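Participant: Structure supplied as upload-v8.pdb; contents: PDB, C-alpha atoms, pLDDT in the B column.
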```pdb
ATOM      1  CA  MET A   1      17.575  10.808  18.048  1.00 54.00           C
ATOM      2  CA  ASP A   2      14.929   9.417  20.423  1.00 70.00           C
ATOM      3  CA  LEU A   3      12.302   7.351  18.573  1.00 74.00           C
ATOM      4  CA  LEU A   4       9.643   8.947  20.794  1.00 74.00           C
ATOM      5  CA  SER A   5      10.712  12.588  20.664  1.00 83.00           C
ATOM      6  CA  ASN A   6       7.974  15.158  20.119  1.00 87.00           C
ATOM      7  CA  GLN A   7       9.085  15.695  16.522  1.00 90.00           C
ATOM      8  CA  ASN A   8       8.943  11.992  15.764  1.00 92.00           C
ATOM      9  CA  ILE A   9       5.536  11.547  17.388  1.00 94.00           C
ATOM     10  CA  LEU A  10       4.204  14.328  15.151  1.00 94.00           C
ATOM     11  CA  LEU A  11       5.716  12.573  12.126  1.00 95.00           C
ATOM     12  CA  TYR A  12       4.088   9.283  13.168  1.00 96.00           C
ATOM     13  CA  LEU A  13       0.681  10.933  13.541  1.00 96.00           C
ATOM     14  CA  ALA A  14       1.095  12.717  10.208  1.00 95.00           C
ATOM     15  CA  ALA A  15       2.021   9.459   8.480  1.00 96.00           C
ATOM     16  CA  TYR A  16      -0.976   7.606   9.890  1.00 97.00           C
ATOM     17  CA  ILE A  17      -3.507  10.376   9.248  1.00 97.00           C
ATOM     18  CA  LEU A  18      -2.271  11.342   5.772  1.00 97.00           C
ATOM     19  CA  ALA A  19      -2.135   7.714   4.657  1.00 97.00           C
ATOM     20  CA  GLY A  20      -5.683   7.279   5.922  1.00 97.00           C
ATOM     21  CA  ILE A  21      -7.121   9.713   3.360  1.00 97.00           C
ATOM     22  CA  PRO A  22      -9.285   7.422   1.159  1.00 96.00           C
ATOM     23  CA  PHE A  23      -8.457   8.935  -2.217  1.00 97.00           C
ATOM     24  CA  GLY A  24     -10.113   6.156  -4.222  1.00 96.00           C
ATOM     25  CA  TYR A  25     -13.381   6.583  -2.335  1.00 95.00           C
ATOM     26  CA  LEU A  26     -13.283  10.383  -2.663  1.00 96.00           C
ATOM     27  CA  LEU A  27     -12.404  10.402  -6.371  1.00 96.00           C
ATOM     28  CA  ALA A  28     -15.045   7.833  -7.317  1.00 95.00           C
ATOM     29  CA  LYS A  29     -17.666   9.681  -5.298  1.00 94.00           C
ATOM     30  CA  GLN A  30     -16.765  13.116  -6.676  1.00 95.00           C
ATOM     31  CA  PHE A  31     -16.194  12.328 -10.374  1.00 95.00           C
ATOM     32  CA  ALA A  32     -18.230   9.167 -10.986  1.00 93.00           C
ATOM     33  CA  GLY A  33     -20.984   9.547  -8.408  1.00 93.00           C
ATOM     34  CA  VAL A  34     -20.252   6.062  -7.100  1.00 94.00           C
ATOM     35  CA  ASP A  35     -19.716   4.772  -3.565  1.00 94.00           C
ATOM     36  CA  ILE A  36     -17.042   2.141  -4.193  1.00 93.00           C
ATOM     37  CA  LYS A  37     -17.394   0.863  -0.620  1.00 92.00           C
ATOM     38  CA  GLN A  38     -20.802  -0.390  -1.707  1.00 92.00           C
ATOM     39  CA  ALA A  39     -19.797  -1.663  -5.155  1.00 89.00           C
ATOM     40  CA  GLY A  40     -17.473  -4.262  -6.625  1.00 85.00           C
ATOM     41  CA  SER A  41     -15.227  -5.735  -3.946  1.00 84.00           C
ATOM     42  CA  GLY A  42     -15.979  -2.828  -1.609  1.00 87.00           C
ATOM     43  CA  ASN A  43     -12.286  -1.924  -1.535  1.00 90.00           C
ATOM     44  CA  ILE A  44     -11.168   1.716  -1.807  1.00 93.00           C
ATOM     45  CA  GLY A  45      -8.071   0.998  -3.894  1.00 92.00           C
ATOM     46  CA  ALA A  46      -7.259   1.639  -7.533  1.00 92.00           C
ATOM     47  CA  THR A  47      -8.334  -1.822  -8.740  1.00 91.00           C
ATOM     48  CA  ASN A  48     -11.871  -1.471  -7.416  1.00 93.00           C
ATOM     49  CA  VAL A  49     -12.104   2.116  -8.659  1.00 95.00           C
ATOM     50  CA  LEU A  50     -11.150   0.875 -12.122  1.00 93.00           C
ATOM     51  CA  ARG A  51     -13.486  -2.124 -11.982  1.00 91.00           C
ATOM     52  CA  VAL A  52     -16.548  -0.228 -10.726  1.00 93.00           C
ATOM     53  CA  VAL A  53     -16.256   2.985 -12.769  1.00 94.00           C
ATOM     54  CA  LYS A  54     -15.430   0.996 -15.922  1.00 93.00           C
ATOM     55  CA  GLU A  55     -18.995  -0.305 -15.959  1.00 90.00           C
ATOM     56  CA  THR A  56     -20.296   3.143 -16.865  1.00 90.00           C
ATOM     57  CA  ASP A  57     -17.295   5.101 -18.176  1.00 92.00           C
ATOM     58  CA  PRO A  58     -14.163   3.102 -19.197  1.00 91.00           C
ATOM     59  CA  LYS A  59     -12.136   6.206 -20.072  1.00 93.00           C
ATOM     60  CA  LEU A  60     -12.869   7.889 -16.744  1.00 95.00           C
ATOM     61  CA  ALA A  61     -12.184   4.591 -14.968  1.00 94.00           C
ATOM     62  CA  LYS A  62      -8.610   4.465 -16.285  1.00 94.00           C
ATOM     63  CA  LYS A  63      -7.948   8.055 -15.231  1.00 95.00           C
ATOM     64  CA  LEU A  64      -9.393   7.655 -11.747  1.00 95.00           C
ATOM     65  CA  GLY A  65      -7.655   4.298 -11.275  1.00 95.00           C
ATOM     66  CA  ALA A  66      -4.281   5.752 -12.247  1.00 96.00           C
ATOM     67  CA  ILE A  67      -4.731   8.833 -10.035  1.00 97.00           C
ATOM     68  CA  THR A  68      -5.822   6.665  -7.096  1.00 96.00           C
ATOM     69  CA  LEU A  69      -2.778   4.431  -7.540  1.00 95.00           C
ATOM     70  CA  PHE A  70      -0.450   7.432  -7.635  1.00 96.00           C
ATOM     71  CA  LEU A  71      -2.007   9.201  -4.643  1.00 97.00           C
ATOM     72  CA  ASP A  72      -2.132   6.026  -2.523  1.00 96.00           C
ATOM     73  CA  ALA A  73       1.561   5.458  -3.232  1.00 95.00           C
ATOM     74  CA  ILE A  74       2.709   9.050  -2.756  1.00 96.00           C
ATOM     75  CA  LYS A  75       0.854   9.601   0.520  1.00 93.00           C
ATOM     76  CA  GLY A  76       3.065   6.981   2.126  1.00 86.00           C
ATOM     77  CA  ILE A  77       6.188   8.598   0.723  1.00 94.00           C
ATOM     78  CA  ILE A  78       5.644  12.246   1.664  1.00 95.00           C
ATOM     79  CA  VAL A  79       6.165  11.967   5.428  1.00 93.00           C
ATOM     80  CA  ILE A  80       9.226   9.711   4.981  1.00 96.00           C
ATOM     81  CA  LEU A  81      10.811  12.347   2.724  1.00 96.00           C
ATOM     82  CA  ILE A  82      10.032  15.068   5.266  1.00 94.00           C
ATOM     83  CA  ALA A  83      11.535  12.936   8.030  1.00 94.00           C
ATOM     84  CA  GLN A  84      14.641  12.287   5.917  1.00 95.00           C
ATOM     85  CA  PHE A  85      14.987  16.032   5.355  1.00 94.00           C
ATOM     86  CA  LEU A  86      14.821  16.554   9.125  1.00 93.00           C
ATOM     87  CA  GLY A  87      17.587  13.991   9.611  1.00 92.00           C
ATOM     88  CA  ALA A  88      15.507  11.217  11.156  1.00 93.00           C
ATOM     89  CA  PRO A  89      17.321   7.876  11.653  1.00 93.00           C
ATOM     90  CA  GLU A  90      16.371   4.616   9.937  1.00 94.00           C
ATOM     91  CA  GLY A  91      14.335   3.412  12.903  1.00 94.00           C
ATOM     92  CA  VAL A  92      12.056   6.446  12.680  1.00 95.00           C
ATOM     93  CA  LEU A  93      11.741   6.129   8.905  1.00 96.00           C
ATOM     94  CA  TRP A  94      10.737   2.471   9.139  1.00 97.00           C
ATOM     95  CA  THR A  95       8.210   3.286  11.863  1.00 96.00           C
ATOM     96  CA  ILE A  96       6.704   5.938   9.578  1.00 97.00           C
ATOM     97  CA  ALA A  97       6.585   3.392   6.740  1.00 97.00           C
ATOM     98  CA  VAL A  98       4.693   0.889   8.887  1.00 98.00           C
ATOM     99  CA  LEU A  99       2.281   3.542  10.201  1.00 97.00           C
ATOM    100  CA  ALA A 100       1.563   4.749   6.661  1.00 97.00           C
ATOM    101  CA  VAL A 101       0.477   1.250   5.633  1.00 98.00           C
ATOM    102  CA  LEU A 102      -1.594   0.881   8.812  1.00 98.00           C
ATOM    103  CA  GLY A 103      -3.166   4.285   8.181  1.00 97.00           C
ATOM    104  CA  HIS A 104      -4.239   3.283   4.683  1.00 97.00           C
ATOM    105  CA  CYS A 105      -5.520  -0.153   5.694  1.00 97.00           C
ATOM    106  CA  PHE A 106      -7.242   1.001   8.904  1.00 97.00           C
ATOM    107  CA  SER A 107      -8.241   4.559   8.098  1.00 96.00           C
ATOM    108  CA  VAL A 108      -9.450   6.851  10.864  1.00 96.00           C
ATOM    109  CA  PHE A 109     -11.719   8.445   8.215  1.00 96.00           C
ATOM    110  CA  LEU A 110     -13.487   5.144   7.435  1.00 95.00           C
ATOM    111  CA  ALA A 111     -14.117   3.831  10.949  1.00 93.00           C
ATOM    112  CA  PHE A 112     -10.768   2.006  10.806  1.00 95.00           C
ATOM    113  CA  GLU A 113     -11.535   0.226   7.584  1.00 93.00           C
ATOM    114  CA  GLY A 114      -9.565   0.896   4.424  1.00 94.00           C
ATOM    115  CA  GLY A 115      -7.668  -0.440   1.451  1.00 94.00           C
ATOM    116  CA  LYS A 116      -5.365  -3.421   1.081  1.00 95.00           C
ATOM    117  CA  GLY A 117      -2.120  -1.500   1.420  1.00 96.00           C
ATOM    118  CA  VAL A 118      -0.440  -2.527  -1.816  1.00 95.00           C
ATOM    119  CA  ALA A 119       0.153   0.883  -3.422  1.00 95.00           C
ATOM    120  CA  THR A 120       0.991   2.562  -0.109  1.00 97.00           C
ATOM    121  CA  GLY A 121       3.200  -0.360   0.887  1.00 96.00           C
ATOM    122  CA  PHE A 122       5.151  -0.400  -2.350  1.00 95.00           C
ATOM    123  CA  GLY A 123       5.394   3.395  -2.157  1.00 96.00           C
ATOM    124  CA  VAL A 124       7.122   3.413   1.226  1.00 97.00           C
ATOM    125  CA  LEU A 125       9.261   0.401   0.350  1.00 97.00           C
ATOM    126  CA  LEU A 126      10.399   2.116  -2.834  1.00 96.00           C
ATOM    127  CA  VAL A 127      11.889   4.866  -0.661  1.00 97.00           C
ATOM    128  CA  MET A 128      13.285   2.584   2.030  1.00 97.00           C
ATOM    129  CA  MET A 129      14.679  -0.172  -0.235  1.00 97.00           C
ATOM    130  CA  PRO A 130      14.623   1.039  -3.845  1.00 97.00           C
ATOM    131  CA  ILE A 131      16.226  -1.938  -5.613  1.00 97.00           C
ATOM    132  CA  PRO A 132      14.136  -4.707  -3.941  1.00 97.00           C
ATOM    133  CA  ALA A 133      11.046  -2.545  -4.493  1.00 97.00           C
ATOM    134  CA  LEU A 134      11.823  -2.064  -8.186  1.00 97.00           C
ATOM    135  CA  ILE A 135      12.374  -5.821  -8.563  1.00 97.00           C
ATOM    136  CA  ALA A 136       9.030  -6.437  -6.852  1.00 96.00           C
ATOM    137  CA  ILE A 137       7.232  -3.902  -9.056  1.00 94.00           C
ATOM    138  CA  VAL A 138       8.624  -5.545 -12.211  1.00 96.00           C
ATOM    139  CA  VAL A 139       7.509  -8.968 -10.937  1.00 97.00           C
ATOM    140  CA  TRP A 140       4.118  -7.469 -10.036  1.00 95.00           C
ATOM    141  CA  LEU A 141       3.667  -5.998 -13.540  1.00 94.00           C
ATOM    142  CA  ILE A 142       4.701  -9.243 -15.271  1.00 96.00           C
ATOM    143  CA  ALA A 143       2.337 -11.254 -13.063  1.00 95.00           C
ATOM    144  CA  ALA A 144      -0.489  -8.777 -13.638  1.00 92.00           C
ATOM    145  CA  LYS A 145      -0.038  -8.940 -17.398  1.00 92.00           C
ATOM    146  CA  GLY A 146       0.020 -12.721 -17.433  1.00 92.00           C
ATOM    147  CA  LEU A 147      -2.541 -13.554 -14.744  1.00 90.00           C
ATOM    148  CA  LYS A 148      -4.809 -10.487 -14.966  1.00 88.00           C
ATOM    149  CA  ILE A 149      -5.691 -11.022 -11.302  1.00 91.00           C
ATOM    150  CA  SER A 150      -4.738  -7.944  -9.288  1.00 89.00           C
ATOM    151  CA  SER A 151      -4.713  -9.507  -5.826  1.00 92.00           C
ATOM    152  CA  LEU A 152      -2.585 -12.515  -6.800  1.00 94.00           C
ATOM    153  CA  SER A 153      -0.161 -10.319  -8.747  1.00 95.00           C
ATOM    154  CA  SER A 154       0.226  -8.001  -5.744  1.00 94.00           C
ATOM    155  CA  LEU A 155       0.954 -10.885  -3.388  1.00 96.00           C
ATOM    156  CA  ILE A 156       3.500 -12.351  -5.809  1.00 97.00           C
ATOM    157  CA  GLY A 157       5.161  -8.938  -6.020  1.00 97.00           C
ATOM    158  CA  LEU A 158       5.243  -8.716  -2.224  1.00 97.00           C
ATOM    159  CA  ILE A 159       6.880 -12.134  -1.930  1.00 97.00           C
ATOM    160  CA  ALA A 160       9.438 -11.043  -4.541  1.00 97.00           C
ATOM    161  CA  PHE A 161      10.215  -7.980  -2.408  1.00 98.00           C
ATOM    162  CA  ILE A 162      10.733 -10.037   0.748  1.00 97.00           C
ATOM    163  CA  ILE A 163      13.090 -12.436  -1.036  1.00 98.00           C
ATOM    164  CA  ALA A 164      15.028  -9.603  -2.694  1.00 97.00           C
ATOM    165  CA  SER A 165      15.316  -7.718   0.591  1.00 97.00           C
ATOM    166  CA  TYR A 166      16.959 -10.698   2.280  1.00 97.00           C
ATOM    167  CA  ILE A 167      19.327 -11.283  -0.634  1.00 97.00           C
ATOM    168  CA  LEU A 168      20.387  -7.636  -0.969  1.00 96.00           C
ATOM    169  CA  TYR A 169      20.115  -6.648   2.702  1.00 95.00           C
ATOM    170  CA  PRO A 170      20.809  -9.670   4.961  1.00 94.00           C
ATOM    171  CA  GLU A 171      20.837  -7.100   7.751  1.00 90.00           C
ATOM    172  CA  VAL A 172      18.748  -3.971   7.260  1.00 92.00           C
ATOM    173  CA  PRO A 173      20.994  -0.900   7.694  1.00 87.00           C
ATOM    174  CA  GLU A 174      21.012   0.545  11.226  1.00 89.00           C
ATOM    175  CA  ILE A 175      18.013  -1.399  12.543  1.00 93.00           C
ATOM    176  CA  THR A 176      19.557  -4.818  11.605  1.00 91.00           C
ATOM    177  CA  SER A 177      16.104  -6.380  11.460  1.00 94.00           C
ATOM    178  CA  HIS A 178      13.522  -7.189   8.795  1.00 97.00           C
ATOM    179  CA  ALA A 179      10.723  -6.756  11.348  1.00 97.00           C
ATOM    180  CA  PRO A 180       9.155  -3.643   9.730  1.00 97.00           C
ATOM    181  CA  ILE A 181       9.059  -5.443   6.372  1.00 97.00           C
ATOM    182  CA  TRP A 182       7.325  -8.436   7.943  1.00 98.00           C
ATOM    183  CA  ILE A 183       4.786  -6.171   9.681  1.00 98.00           C
ATOM    184  CA  ILE A 184       3.967  -4.456   6.380  1.00 98.00           C
ATOM    185  CA  ALA A 185       3.768  -7.828   4.610  1.00 97.00           C
ATOM    186  CA  PHE A 186       1.536  -9.284   7.331  1.00 98.00           C
ATOM    187  CA  VAL A 187      -0.898  -6.357   7.131  1.00 98.00           C
ATOM    188  CA  ILE A 188      -1.098  -6.638   3.335  1.00 97.00           C
ATOM    189  CA  PHE A 189      -1.602 -10.414   3.462  1.00 97.00           C
ATOM    190  CA  TYR A 190      -4.214 -10.009   6.207  1.00 96.00           C
ATOM    191  CA  LYS A 191      -6.170  -7.510   4.133  1.00 96.00           C
ATOM    192  CA  HIS A 192      -6.028  -9.953   1.212  1.00 95.00           C
ATOM    193  CA  ILE A 193      -7.546 -12.902   3.092  1.00 95.00           C
ATOM    194  CA  PRO A 194     -10.959 -12.515   1.349  1.00 92.00           C
ATOM    195  CA  ASN A 195      -9.146 -12.439  -2.012  1.00 91.00           C
ATOM    196  CA  ILE A 196      -7.134 -15.535  -1.102  1.00 93.00           C
ATOM    197  CA  VAL A 197     -10.341 -17.357  -0.167  1.00 93.00           C
ATOM    198  CA  ARG A 198     -11.898 -16.371  -3.508  1.00 90.00           C
ATOM    199  CA  LEU A 199      -8.739 -17.512  -5.322  1.00 91.00           C
ATOM    200  CA  PHE A 200      -9.046 -20.977  -3.808  1.00 90.00           C
ATOM    201  CA  LYS A 201     -12.721 -21.017  -4.765  1.00 89.00           C
ATOM    202  CA  LYS A 202     -11.779 -19.785  -8.258  1.00 86.00           C
ATOM    203  CA  GLU A 203     -14.117 -16.839  -7.794  1.00 83.00           C
ATOM    204  CA  GLU A 204     -11.567 -13.982  -7.855  1.00 81.00           C
ATOM    205  CA  GLY A 205     -12.297 -11.531 -10.659  1.00 73.00           C
ATOM    206  CA  GLN A 206      -9.910 -10.329 -13.316  1.00 73.00           C
ATOM    207  CA  VAL A 207      -9.191  -6.745 -14.324  1.00 65.00           C
TER     208      VAL A 207
END
```
Represent the structure of the file as C-alpha cells.

Facilitator:
Amino acid sequence: MDLLSNQNILLYLAAYILAGIPFGYLLAKQFAGVDIKQAGSGNIGATNVLRVVKETDPKLAKKLGAITLFLDAIKGIIVILIAQFLGAPEGVLWTIAVLAVLGHCFSVFLAFEGGKGVATGFGVLLVMMPIPALIAIVVWLIAAKGLKISSLSSLIGLIAFIIASYILYPEVPEITSHAPIWIIAFVIFYKHIPNIVRLFKKEEGQV
C-alpha cells in the first residue's frame, strides 16, 4: 500500500486534526469556567487541569483531570485502530502515531500551540508497542508516586519506553527503524524544555 495514497492522506489529516482537539482547555472552560492557557503552567493537559481546577473545586478537578487524560490518550488511538481495520501497513500506522502527537502538541485549533504530548504519545505507543508501553506506564506511575513531579515522571517513563523498545524490538517490525519513536520522544522532550529548566532551578511544582 502506497504511504501517500488518497486513503492514507485522509487518515493522516484525521489523525492530526482529531489529536489537535484541546480537550483539557474545553473541559476546564465549560465545567470550571477557567481558561487553563492563562492559569497554572498554561498547559492544556491533564496535570494543569488538575492543578488549576483543584484551587476552587478539588472533586471536580480529579474528574476533569481523569477525563482529559483519557480523551488525550484515546484521540491518538482512534485513527490508528481505523487504519488497522482498513489493513494499513506498519509504516502508515507509525506515521499516524507521529502525526497524532504533533497534532496534540501543535494544535491547529490553538494557533499551533498545544499540550506536551505525554498522554497522546503513550496512547499511540500502547497500540503500536503494547509491552514497552505498559512497562513505561508502570515506571511512570512509580515515579509519579515517589517524586510527585508530573513532568519528571513522564520523561522517566518515556526513557523507560525507549530502552524497552530497543530490548524487545531491536528492529521494529516491517519498518526496521526506531525513527518514529525518536520523533515522538523528541517532540515530547522539546515540549518539556520549560519544565526541565524549572527542574534544574528547583522551581517545578508538584501535583

Participant: Would you write out, as number ranges by chain, every residue that the PyMOL selection byres ((chain A and resi 136) around 10) captures in this file?

Facilitator: A: 122, 125-126, 130-135, 137-142, 154-165

Participant: Point out the residue among A:Trp94, A:Ser151, A:Ala111, A:Leu50 with the least atom-to-atom distance to His178 in chain A, counting all atoms listed in the file.

Facilitator: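 Of the candidates, the smallest distance to His178 in chain A is held by A:Trp94.
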
Participant: Go through A:Pro173, A:Val127, A:Gly103, A:Val49 and flag the residue nearest Gln84 in chain A, using only C-alpha atoms for the distances.

Facilitator: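 Looking only at the distances to Gln84 in chain A, the closest residue turns out to be A:Val127.
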
Participant: The PyMOL selection byres ((chain A and resi 13-19) around 12) - which residues does that actually catch in the file I just gave you? List them as a ChimeraX atom specification.

Facilitator: /A:4,6-12,20-23,71-83,92-110,112,114-115,117,119-121,123-124

Participant: Work out how far CA of Pro194 in chain A is from CA of Val53 in chain A, in Å to one decimal.

Facilitator: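 Here the two named atoms are 21.6 Å from each other.
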
Participant: Would you compute the box with edges along x, y and z of the file around range 98-114 of chain A, including every atom the file lists for it and 8 Å extra on each side, and give its centre and edge lengths in Å to one decimal, as AutoDock Vina command-line options?

Facilitator:
```
--center_x -4.7 --center_y 4.1 --center_z 7.7 --size_x 34.8 --size_y 24.6 --size_z 22.5
```

Participant: I'd like the interatomic distance between CA of Ser150 in chain A and CA of Met128 in chain A, to a tenth of an Å.

Facilitator: 23.7 Å

Participant: For Ala46 in chain A, find every residue with an atom within 9 Å (counting only C-alpha atoms), except residues of its own chain fewer than 4 positions away, and show them as a PyMOL selection string.

Facilitator: chain A and resi 24+50-51+64-70+72+119

Participant: Could you please determine the separation between CA of Tyr169 in chain A and CA of Pro89 in chain A in Å, to one decimal place?

Facilitator: 17.3 Å

Participant: With distances taken over only C-alpha atoms, which residue among A:Ile184, A:Leu152, A:Leu27, A:Val172 lies nearest Arg198 in chain A?

Facilitator: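 The closest residue to Arg198 in chain A is A:Leu152.
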
Participant: Run the PyMOL selection byres ((chain A and resi 41) around 10) on the file and write out the hits as a tab-separated table (two decimals) with C-alpha atoms, in the coordinates of the input.

Facilitator:
```tsv
chain	number	residue	atom	x	y	z
A	36	ILE	CA	-17.04	2.14	-4.19
A	37	LYS	CA	-17.39	0.86	-0.62
A	38	GLN	CA	-20.80	-0.39	-1.71
A	39	ALA	CA	-19.80	-1.66	-5.16
A	40	GLY	CA	-17.47	-4.26	-6.62
A	42	GLY	CA	-15.98	-2.83	-1.61
A	43	ASN	CA	-12.29	-1.92	-1.54
A	44	ILE	CA	-11.17	1.72	-1.81
A	45	GLY	CA	-8.07	1.00	-3.89
A	47	THR	CA	-8.33	-1.82	-8.74
A	48	ASN	CA	-11.87	-1.47	-7.42
A	49	VAL	CA	-12.10	2.12	-8.66
A	51	ARG	CA	-13.49	-2.12	-11.98
A	52	VAL	CA	-16.55	-0.23	-10.73
A	194	PRO	CA	-10.96	-12.52	1.35
A	195	ASN	CA	-9.15	-12.44	-2.01
A	204	GLU	CA	-11.57	-13.98	-7.86
A	205	GLY	CA	-12.30	-11.53	-10.66
```

Participant: Please fill the gaps in range 15-26 of chain A so it has N, CA, C and O atoms, and write that as a JSON list (two decimals), in the frame of the given file.

Facilitator:
```
[["chain", "number", "residue", "atom", "x", "y", "z"],
["A", 15, "ALA", "N", 1.97, 10.60, 9.39],
["A", 15, "ALA", "CA", 2.02, 9.46, 8.48],
["A", 15, "ALA", "C", 0.72, 8.67, 8.53],
["A", 15, "ALA", "O", 0.15, 8.32, 7.49],
["A", 16, "TYR", "N", 0.25, 8.40, 9.74],
["A", 16, "TYR", "CA", -0.98, 7.61, 9.89],
["A", 16, "TYR", "C", -2.20, 8.34, 9.33],
["A", 16, "TYR", "O", -3.00, 7.76, 8.59],
["A", 17, "ILE", "N", -2.33, 9.61, 9.67],
["A", 17, "ILE", "CA", -3.51, 10.38, 9.25],
["A", 17, "ILE", "C", -3.49, 10.64, 7.75],
["A", 17, "ILE", "O", -4.51, 10.45, 7.06],
["A", 18, "LEU", "N", -2.35, 11.07, 7.21],
["A", 18, "LEU", "CA", -2.27, 11.34, 5.77],
["A", 18, "LEU", "C", -2.53, 10.08, 4.96],
["A", 18, "LEU", "O", -3.27, 10.11, 3.97],
["A", 19, "ALA", "N", -1.94, 8.98, 5.40],
["A", 19, "ALA", "CA", -2.13, 7.71, 4.66],
["A", 19, "ALA", "C", -3.57, 7.22, 4.76],
["A", 19, "ALA", "O", -4.01, 6.41, 3.93],
["A", 20, "GLY", "N", -4.29, 7.71, 5.75],
["A", 20, "GLY", "CA", -5.68, 7.28, 5.92],
["A", 20, "GLY", "C", -6.66, 7.99, 5.00],
["A", 20, "GLY", "O", -7.83, 7.59, 4.92],
["A", 21, "ILE", "N", -6.22, 9.02, 4.29],
["A", 21, "ILE", "CA", -7.12, 9.71, 3.36],
["A", 21, "ILE", "C", -7.53, 8.74, 2.25],
["A", 21, "ILE", "O", -6.70, 8.24, 1.50],
["A", 22, "PRO", "N", -8.83, 8.43, 2.13],
["A", 22, "PRO", "CA", -9.28, 7.42, 1.16],
["A", 22, "PRO", "C", -9.49, 8.03, -0.23],
["A", 22, "PRO", "O", -10.61, 8.27, -0.68],
["A", 23, "PHE", "N", -8.39, 8.24, -0.94],
["A", 23, "PHE", "CA", -8.46, 8.94, -2.22],
["A", 23, "PHE", "C", -9.36, 8.21, -3.22],
["A", 23, "PHE", "O", -10.10, 8.85, -3.97],
["A", 24, "GLY", "N", -9.29, 6.90, -3.28],
["A", 24, "GLY", "CA", -10.11, 6.16, -4.22],
["A", 24, "GLY", "C", -11.60, 6.39, -3.98],
["A", 24, "GLY", "O", -12.37, 6.64, -4.91],
["A", 25, "TYR", "N", -11.99, 6.34, -2.71],
["A", 25, "TYR", "CA", -13.38, 6.58, -2.34],
["A", 25, "TYR", "C", -13.80, 8.00, -2.72],
["A", 25, "TYR", "O", -14.87, 8.21, -3.31],
["A", 26, "LEU", "N", -12.96, 8.98, -2.40],
["A", 26, "LEU", "CA", -13.28, 10.38, -2.66],
["A", 26, "LEU", "C", -13.36, 10.68, -4.16],
["A", 26, "LEU", "O", -14.28, 11.37, -4.62]]
```
